[in-house]
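Have a look at start.txt below; it lists compact mmCIF, C-alpha atoms.
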```
# COMPACT_ATOMS: atom_id res chain seq x y z
CA MET P 1 118.05 82.02 150.98
CA GLY P 2 120.51 82.07 148.09
CA GLN P 3 119.88 80.86 144.58
CA ILE P 4 117.95 77.59 144.45
CA THR P 5 119.87 75.02 142.41
CA LEU P 6 119.45 71.36 141.49
CA LYS P 7 121.84 70.57 144.33
CA THR P 8 119.63 72.48 146.82
CA ILE P 9 116.60 70.38 145.86
CA ALA P 10 118.60 67.14 145.84
CA GLU P 11 119.93 67.79 149.34
CA ARG P 12 116.45 68.73 150.62
CA LEU P 13 115.01 65.41 149.34
CA ASN P 14 118.16 63.35 149.95
CA ILE P 15 118.30 62.08 146.37
CA SER P 16 120.85 62.46 143.56
CA ILE P 17 121.29 65.65 141.54
CA ALA P 18 121.00 63.58 138.35
CA THR P 19 117.54 62.33 139.40
CA VAL P 20 116.36 65.89 140.07
CA SER P 21 117.80 67.07 136.73
CA TRP P 22 116.07 64.30 134.76
CA VAL P 23 112.69 64.96 136.35
CA LEU P 24 112.82 68.73 135.91
CA ALA P 25 113.89 68.22 132.29
CA GLY P 26 110.77 66.08 131.73
CA LYS P 27 112.71 62.84 131.37
CA GLY P 28 111.58 61.13 134.57
CA LYS P 29 109.45 58.56 132.77
CA ASP P 30 112.21 57.77 130.26
CA ARG P 31 114.61 57.21 133.14
CA LYS P 32 112.06 54.97 134.89
CA ILE P 33 111.83 57.21 137.95
CA SER P 34 108.76 56.38 140.02
CA PRO P 35 105.74 58.70 139.75
CA ALA P 36 105.90 59.29 143.51
CA THR P 37 109.51 60.49 143.32
CA GLN P 38 108.73 62.68 140.34
CA GLU P 39 105.86 64.27 142.21
CA ARG P 40 108.07 64.92 145.30
CA ILE P 41 110.69 66.64 143.14
CA LEU P 42 108.19 68.78 141.25
CA LEU P 43 106.43 69.88 144.45
CA CYS P 44 109.72 70.71 146.13
CA ALA P 45 110.94 72.72 143.12
CA SER P 46 107.66 74.62 143.04
CA SER P 47 107.64 75.36 146.77
CA MET P 48 111.23 76.61 146.62
CA ASN P 49 110.47 78.73 143.53
CA TYR P 50 113.21 77.02 141.55
CA GLN P 51 114.24 78.84 138.34
CA PRO P 52 116.45 76.88 135.92
CA ASN P 53 119.84 78.34 135.04
CA MET P 54 119.43 78.60 131.26
CA LEU P 55 123.09 79.39 130.66
CA ALA P 56 124.22 76.35 132.64
CA ARG P 57 121.69 74.20 130.79
CA ALA P 58 123.01 75.48 127.47
CA LEU P 59 126.58 74.68 128.47
CA THR P 60 125.56 71.19 129.57
CA ARG P 61 123.45 70.37 126.52
CA GLY P 62 125.49 72.37 124.01
CA VAL P 63 122.34 74.25 123.00
CA SER P 64 119.86 76.58 124.70
CA SER P 65 116.07 76.48 124.68
CA THR P 66 116.13 79.70 122.67
CA ALA P 67 115.66 80.48 119.00
CA GLY P 68 117.17 83.50 117.28
CA LEU P 69 115.20 85.79 114.96
CA ILE P 70 116.96 88.27 112.66
CA LEU P 71 114.71 90.93 111.12
CA PRO P 72 115.59 93.60 108.54
CA SER P 73 113.91 96.17 110.83
CA ILE P 74 112.33 95.74 114.26
CA SER P 75 110.27 98.91 113.81
CA ASP P 76 108.58 97.69 110.62
CA SER P 77 104.96 96.76 111.40
CA PHE P 78 105.05 93.54 109.36
CA TYR P 79 108.26 92.22 110.90
CA SER P 80 107.24 93.15 114.43
CA ALA P 81 103.93 91.33 113.90
CA VAL P 82 105.78 88.23 112.66
CA ALA P 83 108.09 88.42 115.69
CA LYS P 84 105.05 88.37 117.99
CA ALA P 85 103.52 85.41 116.15
CA VAL P 86 106.82 83.49 116.27
CA GLU P 87 107.29 84.21 119.98
CA LEU P 88 103.80 82.93 120.80
CA ALA P 89 104.33 79.78 118.74
CA LEU P 90 107.74 79.12 120.33
CA ASP P 91 106.26 79.56 123.80
CA ARG P 92 104.00 76.57 123.13
CA ILE P 93 107.08 74.34 122.74
CA ASP P 94 108.85 75.91 125.75
CA TYR P 95 111.32 77.94 123.71
CA SER P 96 112.11 81.61 124.19
CA LEU P 97 113.06 84.09 121.48
CA MET P 98 116.06 86.35 120.97
CA ILE P 99 115.37 89.13 118.42
CA CYS P 100 118.00 91.03 116.42
CA SER P 101 117.83 93.61 113.63
CA SER P 102 120.14 93.53 110.62
CA GLU P 103 118.90 96.93 109.37
CA SER P 104 119.25 95.27 105.94
CA GLU P 105 123.03 95.55 106.27
CA THR P 106 124.96 92.44 105.29
CA LEU P 107 127.91 92.97 107.66
CA ARG P 108 125.59 93.64 110.59
CA GLU P 109 123.58 90.55 109.71
CA LYS P 110 126.79 88.50 109.71
CA ARG P 111 127.59 89.79 113.21
CA MET P 112 124.08 88.94 114.41
CA ILE P 113 124.42 85.37 113.11
CA GLY P 114 127.76 85.03 114.90
CA MET P 115 126.29 86.40 118.13
CA LEU P 116 123.35 83.97 118.03
CA LYS P 117 125.72 81.07 117.44
CA SER P 118 127.84 82.18 120.41
CA TYR P 119 124.70 82.08 122.58
CA GLN P 120 124.13 78.50 121.36
CA VAL P 121 120.60 79.12 120.17
CA GLY P 122 118.66 76.04 119.13
CA GLY P 123 117.82 77.45 115.70
CA ILE P 124 117.80 80.61 113.61
CA ILE P 125 114.95 82.33 111.76
CA ILE P 126 115.89 85.07 109.33
CA ALA P 127 114.56 87.40 106.64
CA PRO P 128 117.93 87.65 104.86
CA THR P 129 119.68 90.51 103.11
CA GLU P 130 120.40 90.24 99.42
CA ILE P 131 123.98 88.98 99.64
CA SER P 132 123.99 86.85 102.77
CA LYS P 133 124.09 83.47 101.02
CA ILE P 134 127.62 82.70 102.21
CA GLU P 135 126.65 82.90 105.88
CA LEU P 136 123.40 81.01 105.28
CA ARG P 137 125.19 78.26 103.39
CA GLN P 138 127.63 77.95 106.29
CA LEU P 139 124.70 77.48 108.71
CA ILE P 140 123.28 74.78 106.42
CA ASN P 141 126.67 73.03 106.24
CA GLU P 142 126.78 73.07 110.04
CA SER P 143 123.27 71.50 110.16
CA CYS P 144 122.02 74.49 112.15
CA PRO P 145 118.19 74.44 112.25
CA LEU P 146 117.30 77.30 109.91
CA VAL P 147 114.14 78.82 108.42
CA LEU P 148 113.98 81.80 106.07
CA PHE P 149 110.87 83.91 105.71
CA ASP P 150 109.62 86.73 103.49
CA ARG P 151 112.83 86.45 101.46
CA PHE P 152 114.65 83.46 100.03
CA PHE P 153 117.20 82.30 97.47
CA PRO P 154 115.96 79.78 94.86
CA ASP P 155 119.35 78.04 94.69
CA LEU P 156 119.80 77.67 98.47
CA PRO P 157 118.66 74.38 100.09
CA ALA P 158 116.91 76.00 103.03
CA SER P 159 113.39 75.88 104.45
CA TYR P 160 111.34 79.00 103.91
CA VAL P 161 107.90 80.54 104.43
CA LEU P 162 106.67 83.08 101.88
CA ILE P 163 103.50 84.68 100.65
CA ASP P 164 102.33 84.12 97.09
CA ASN P 165 104.02 87.31 95.89
CA GLU P 166 103.29 87.15 92.18
CA GLU P 167 99.68 86.00 92.45
CA SER P 168 98.80 88.47 95.21
CA THR P 169 100.22 91.34 93.17
CA PHE P 170 98.44 90.16 90.02
CA LYS P 171 95.07 90.12 91.79
CA LEU P 172 95.53 93.62 93.20
CA VAL P 173 96.68 95.23 89.95
CA ASP P 174 94.04 93.34 87.96
CA TYR P 175 91.40 94.85 90.24
CA LEU P 176 92.78 98.39 89.80
CA ILE P 177 92.60 97.94 86.04
CA ARG P 178 89.05 96.57 86.15
CA LYS P 179 88.05 99.67 88.14
CA GLY P 180 89.28 101.90 85.31
CA ALA P 181 92.97 102.60 85.96
CA ARG P 182 95.16 102.34 82.85
CA ARG P 183 98.35 104.18 83.75
CA ILE P 184 99.34 102.47 87.00
CA ALA P 185 102.68 103.32 88.55
CA CYS P 186 104.59 100.58 90.38
CA LEU P 187 106.81 101.70 93.26
CA THR P 188 109.24 99.01 94.36
CA THR P 189 112.53 98.56 96.17
CA ASN P 190 115.40 96.07 96.32
CA PRO P 191 114.74 94.56 92.87
CA HIS P 192 117.64 92.16 93.44
CA LEU P 193 115.55 90.37 96.09
CA HIS P 194 113.63 87.50 94.54
CA HIS P 195 110.33 88.24 96.28
CA MET P 196 110.37 91.83 95.01
CA ASP P 197 111.08 90.58 91.51
CA LEU P 198 108.03 88.30 91.79
CA ARG P 199 105.86 91.26 92.79
CA ARG P 200 106.99 93.20 89.76
CA LYS P 201 106.22 90.18 87.58
CA GLY P 202 102.70 90.07 89.04
CA TYR P 203 102.27 93.74 88.12
CA GLU P 204 103.40 93.14 84.55
CA LYS P 205 101.26 90.00 84.28
CA ALA P 206 98.11 91.99 85.11
CA LEU P 207 98.97 94.66 82.52
CA LYS P 208 99.55 92.01 79.86
CA LYS P 209 96.23 90.35 80.65
CA HIS P 210 94.44 93.60 79.82
CA ARG P 211 96.74 94.31 76.85
CA ILE P 212 98.17 97.42 78.45
CA GLU P 213 101.67 98.28 77.31
CA ILE P 214 104.30 98.16 80.05
CA ASN P 215 105.66 101.70 80.36
CA PRO P 216 109.13 101.85 82.01
CA ALA P 217 108.41 105.46 82.99
CA LEU P 218 105.71 104.19 85.37
CA ILE P 219 108.07 101.86 87.25
CA GLY P 220 109.91 103.50 90.12
CA GLU P 221 112.74 101.61 91.83
CA VAL P 222 113.68 103.18 95.16
CA ALA P 223 116.78 102.17 97.12
CA PHE P 224 115.85 100.87 100.58
CA HIS P 225 118.52 102.94 102.29
CA GLY P 226 117.44 106.55 102.09
CA TYR P 227 114.00 105.71 100.74
CA GLU P 228 112.58 108.77 102.54
CA LYS P 229 114.35 110.97 99.98
CA GLY P 230 114.19 108.45 97.16
CA VAL P 231 110.38 108.22 97.07
CA PRO P 232 109.71 111.96 96.49
CA ALA P 233 112.40 112.10 93.79
CA THR P 234 110.92 109.05 92.06
CA LEU P 235 107.40 110.46 92.22
CA ASP P 236 108.59 113.78 90.78
CA ARG P 237 110.06 111.88 87.86
CA ILE P 238 106.91 109.76 87.30
CA PHE P 239 104.57 112.78 87.32
CA HIS P 240 106.91 114.65 84.99
CA GLN P 241 107.03 111.82 82.46
CA VAL P 242 103.43 110.57 82.87
CA PRO P 243 101.31 113.51 84.12
CA ASP P 244 98.05 111.58 83.73
CA VAL P 245 99.06 108.62 85.91
CA ASP P 246 95.83 107.29 87.45
CA GLY P 247 96.87 104.49 89.80
CA PHE P 248 99.63 103.36 92.15
CA PHE P 249 100.72 99.90 93.22
CA PHE P 250 103.21 99.60 96.08
CA THR P 251 105.30 96.48 96.60
CA SER P 252 105.84 97.54 100.23
CA HIS P 253 103.80 99.49 102.76
CA ILE P 254 106.78 101.68 103.65
CA LEU P 255 106.77 103.03 100.09
CA ALA P 256 103.03 103.67 100.31
CA ILE P 257 103.30 105.63 103.57
CA GLU P 258 106.09 107.81 102.18
CA THR P 259 104.07 108.37 99.00
CA PHE P 260 101.04 109.55 100.97
CA GLN P 261 103.24 112.10 102.74
CA TYR P 262 104.20 113.39 99.29
CA PHE P 263 100.59 113.38 98.11
CA ARG P 264 99.44 115.48 101.06
CA ILE P 265 101.55 118.32 99.67
CA HIS P 266 101.36 117.80 95.90
CA HIS P 267 98.07 115.91 95.37
CA PRO P 268 95.83 116.41 98.43
CA ASP P 269 92.88 114.86 96.56
CA TYR P 270 94.80 111.60 96.03
CA ASN P 271 92.12 109.41 97.63
CA ARG P 272 89.67 110.45 94.91
CA LYS P 273 92.16 110.91 92.09
CA PHE P 274 94.11 107.60 92.11
CA ARG P 275 93.36 103.89 92.37
CA LEU P 276 95.63 102.45 95.08
CA GLY P 277 96.92 98.96 95.92
CA CYS P 278 99.60 97.67 98.28
CA ILE P 279 101.19 94.47 99.53
CA HIS P 280 100.57 94.32 103.31
CA GLU P 281 98.09 96.20 105.43
CA GLU P 282 99.27 99.09 107.58
CA PRO P 283 97.05 100.45 110.40
CA LEU P 284 97.73 104.01 109.23
CA PHE P 285 95.94 103.27 105.95
CA GLN P 286 92.57 103.48 107.70
CA ASN P 287 93.15 107.18 108.26
CA ILE P 288 95.34 108.35 105.39
CA ALA P 289 94.18 106.05 102.56
CA PRO P 290 90.84 104.44 103.49
CA HIS P 291 90.19 103.34 99.89
CA ILE P 292 93.44 101.46 99.30
CA SER P 293 93.09 97.77 98.43
CA VAL P 294 95.64 95.47 100.07
CA ALA P 295 97.02 91.96 100.07
CA MET P 296 96.64 91.00 103.74
CA MET P 297 99.60 88.88 104.85
CA PRO P 298 98.59 85.89 107.04
CA VAL P 299 100.95 86.84 109.88
CA ALA P 300 99.70 84.27 112.42
CA LYS P 301 100.01 81.43 109.88
CA ILE P 302 103.46 82.64 108.88
CA GLY P 303 104.65 82.57 112.50
CA LYS P 304 103.19 79.12 113.19
CA ARG P 305 104.55 77.62 109.97
CA ILE P 306 108.03 79.01 110.69
CA VAL P 307 108.09 77.47 114.18
CA ASP P 308 106.69 74.13 112.95
CA MET P 309 109.53 73.89 110.45
CA LEU P 310 112.17 74.94 112.97
CA ALA P 311 110.83 72.55 115.63
CA GLU P 312 111.07 69.64 113.19
CA GLN P 313 114.72 70.39 112.52
CA MET P 314 115.55 70.96 116.20
CA LYS P 315 113.86 67.71 117.21
CA ALA P 316 115.88 65.79 114.63
CA LYS P 317 119.14 67.35 115.81
CA TYR P 318 118.75 67.61 119.58
CA SER P 319 116.56 64.68 120.65
CA PRO P 320 118.54 61.86 122.35
CA ALA P 321 118.30 59.55 119.35
CA GLY P 322 118.16 62.32 116.78
CA THR P 323 120.59 63.04 113.98
CA PRO P 324 120.72 66.31 112.04
CA LEU P 325 118.73 66.23 108.82
CA ALA P 326 120.68 66.59 105.60
CA ALA P 327 120.07 69.88 103.80
CA LYS P 328 117.68 68.40 101.25
CA GLU P 329 115.87 66.37 103.92
CA SER P 330 115.32 69.44 106.09
CA MET P 331 113.97 71.60 103.25
CA ASN P 332 110.35 72.49 103.75
CA GLN P 333 108.97 75.20 101.51
CA SER P 334 105.68 76.92 102.20
CA VAL P 335 103.98 79.57 100.06
CA LEU P 336 100.90 81.05 101.74
CA PRO P 337 98.14 82.96 99.94
CA CYS P 338 97.23 86.49 100.97
CA LYS P 339 93.67 87.64 101.54
CA ILE P 340 92.87 90.37 99.05
CA ILE P 341 90.96 93.18 100.75
CA ILE P 342 89.07 95.30 98.22
CA ARG P 343 88.13 98.82 99.23
CA ASP P 344 86.23 101.28 97.04
```
Would you mind giving the structure from this file in structure tokens?
Amino acid sequence: MGQITLKTIAERLNISIATVSWVLAGKGKDRKISPATQERILLCASSMNYQPNMLARALTRGVSSTAGLILPSISDSFYSAVAKAVELALDRIDYSLMICSSESETLREKRMIGMLKSYQVGGIIIAPTEISKIELRQLINESCPLVLFDRFFPDLPASYVLIDNEESTFKLVDYLIRKGARRIACLTTNPHLHHMDLRRKGYEKALKKHRIEINPALIGEVAFHGYEKGVPATLDRIFHQVPDVDGFFFTSHILAIETFQYFRIHHPDYNRKFRLGCIHEEPLFQNIAPHISVAMMPVAKIGKRIVDMLAEQMKAKYSPAGTPLAAKESMNQSVLPCKIIIRD
């Protein structure tokens, strides 16, 4: 038997293709199709192992039952965990997920957005690069369902889901200080991104609370591209300028992991010598830095909140009586607290 189509089922039951289509799309009740007829169609489709042609459905409806997710890096443990949480949440509303990686490159991100639009995805979820506002603003002007996460632009009227970056950082650094650290280095990256700027502000806020002077020599900004070489060079500079540094705060787990590689060679007693804190938990920490305190990101809540926001926009745009929400109407901003895990 060839591919089972709506026409195949309609001919088997001697009813119209439109009736079969409405029932299989879940619109039988709205179209006042009798329960008995609906049951016949569903049983027939099941017995014939009918699989809907998603491309044909997209062409018919002008949109597919798929959402697009653009990550800065698929291999990053945080982003891959968010992708899993988003996929599970989308599955509950019968949507599938298409995942892309921008590799934090603006031109590549632009291509990924164009590709997702060509596949007629129902909505787009993105952790944007630093200069992608033009493309995002275009999506907003087109009333494309859109949710940002992890990163955002304060002047862009878009929905977003973030963690409480400044407060989470403040709590971690405040704890390191209360445990005796006074010369705490801050390793950060992409300072032009607003969420990284907030993490640095949280670091400085904790120092000010304890009346510790902010020492520029203890702040290391590492470019994201080539950070594997940038971290050792930055650490060399910090230890040269502040030899008695006694603590490290990392705005990202990737900086922490690279730092521990450096420590294994230059400071093998780092777990006893330094107070350590990091935004985001990394499974490797249990083995290489068991005493590091972390701000645990609520990944499951992030994924669910993202999909809730996207579903609201998609419902408004694609339901039979729906109309796209204006930019300000669609804005839904969520800042989630992290759980601070203290380890001594």
task = Between CA of Leu6 in chain P and CA of Ala67 in chain P, measure the distance and give it in Å to one decimal.
result = 24.6 Å
key: Selection: 10 Å around range 274-287 of chain P, only C-alpha atoms, excl. self and same-chain fewer than 6 positions, as a count of residues only   = 51
query = Could you work out how far CA of Asn215 in chain P lies from CA of Met196 in chain P, giving the answer in Å with one decimal?
reply =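 Rounded to one decimal, the two atoms are 18.3 Å apart.
One distance worth recording is that between CA of Tyr203 in chain P and CA of Ile238 in chain P, which is 16.7 Å.
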message = Applying 12 Å and only C-alpha atoms, which residues near Arg237 in chain P remain after dropping the ones on its own chain fewer than 5 positions away? List them as a ChimeraX atom specification.
response = /P:185,187,216-222,230-232,242-243,245
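The residue that comes closest to Lys84 in chain P, out of P:Gly303, P:Pro268, P:Pro337, P:Pro191 and on the basis of all atoms listed in the file, is P:Gly303.
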query = So, counting only C-alpha atoms, which residue among P:Pro157, P:Gly122, P:Gly28, P:Pro35 is closest to Leu69 in chain P?
reply = P:Gly122
request  = Using all atoms listed in the file, determine which residues lie at most 12 Å from Cys44 in chain P, disregarding the query and same-chain residues fewer than 2 positions distant; provide the list as a ChimeraX atom specification.
outcome  = /P:4-6,8-14,20,23-24,37-42,46-50
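The residue that comes closest to Asp236 in chain P, out of P:Tyr262, P:Glu142, P:Ile126, P:Glu213 and on the basis of only C-alpha atoms, is P:Tyr262.
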request  = For Thr66 in chain P, work out the shell of residues within 6 Å, counting all atoms listed in the file and skipping chain neighbours fewer than 5 positions away, then give it as a PyMOL selection string.
outcome  = chain P and resi 95-97+121-122
task = Skip Ser73 in chain P itself and residues of its chain fewer than 2 positions away, then list as a VMD selection string all residues within 7 Å of it, counting all atoms listed in the file.
result = chain P and resid 71 75 to 76 79 101 to 103
query = In terms of the shortest atom-to-atom distance over all atoms listed in the file, which of P:Leu88, P:Ala83, P:Ile33, P:Ile134 is closest to Phe149 in chain P?
reply =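 Using all atoms listed in the file, Phe149 in chain P sits closest to P:Ala83.
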request  = Point out the residue among P:Thr19, P:Ser118, P:Thr188, P:Asn271 with the least atom-to-atom distance to Leu235 in chain P, counting only C-alpha atoms.
outcome  = P:Thr188
task = Select, from P:Ala81, P:Ala36, P:Leu136, P:Val161, the residue with the minimum atom-to-atom distance to Arg305 in chain P, counting all atoms listed in the file.
result = P:Val161
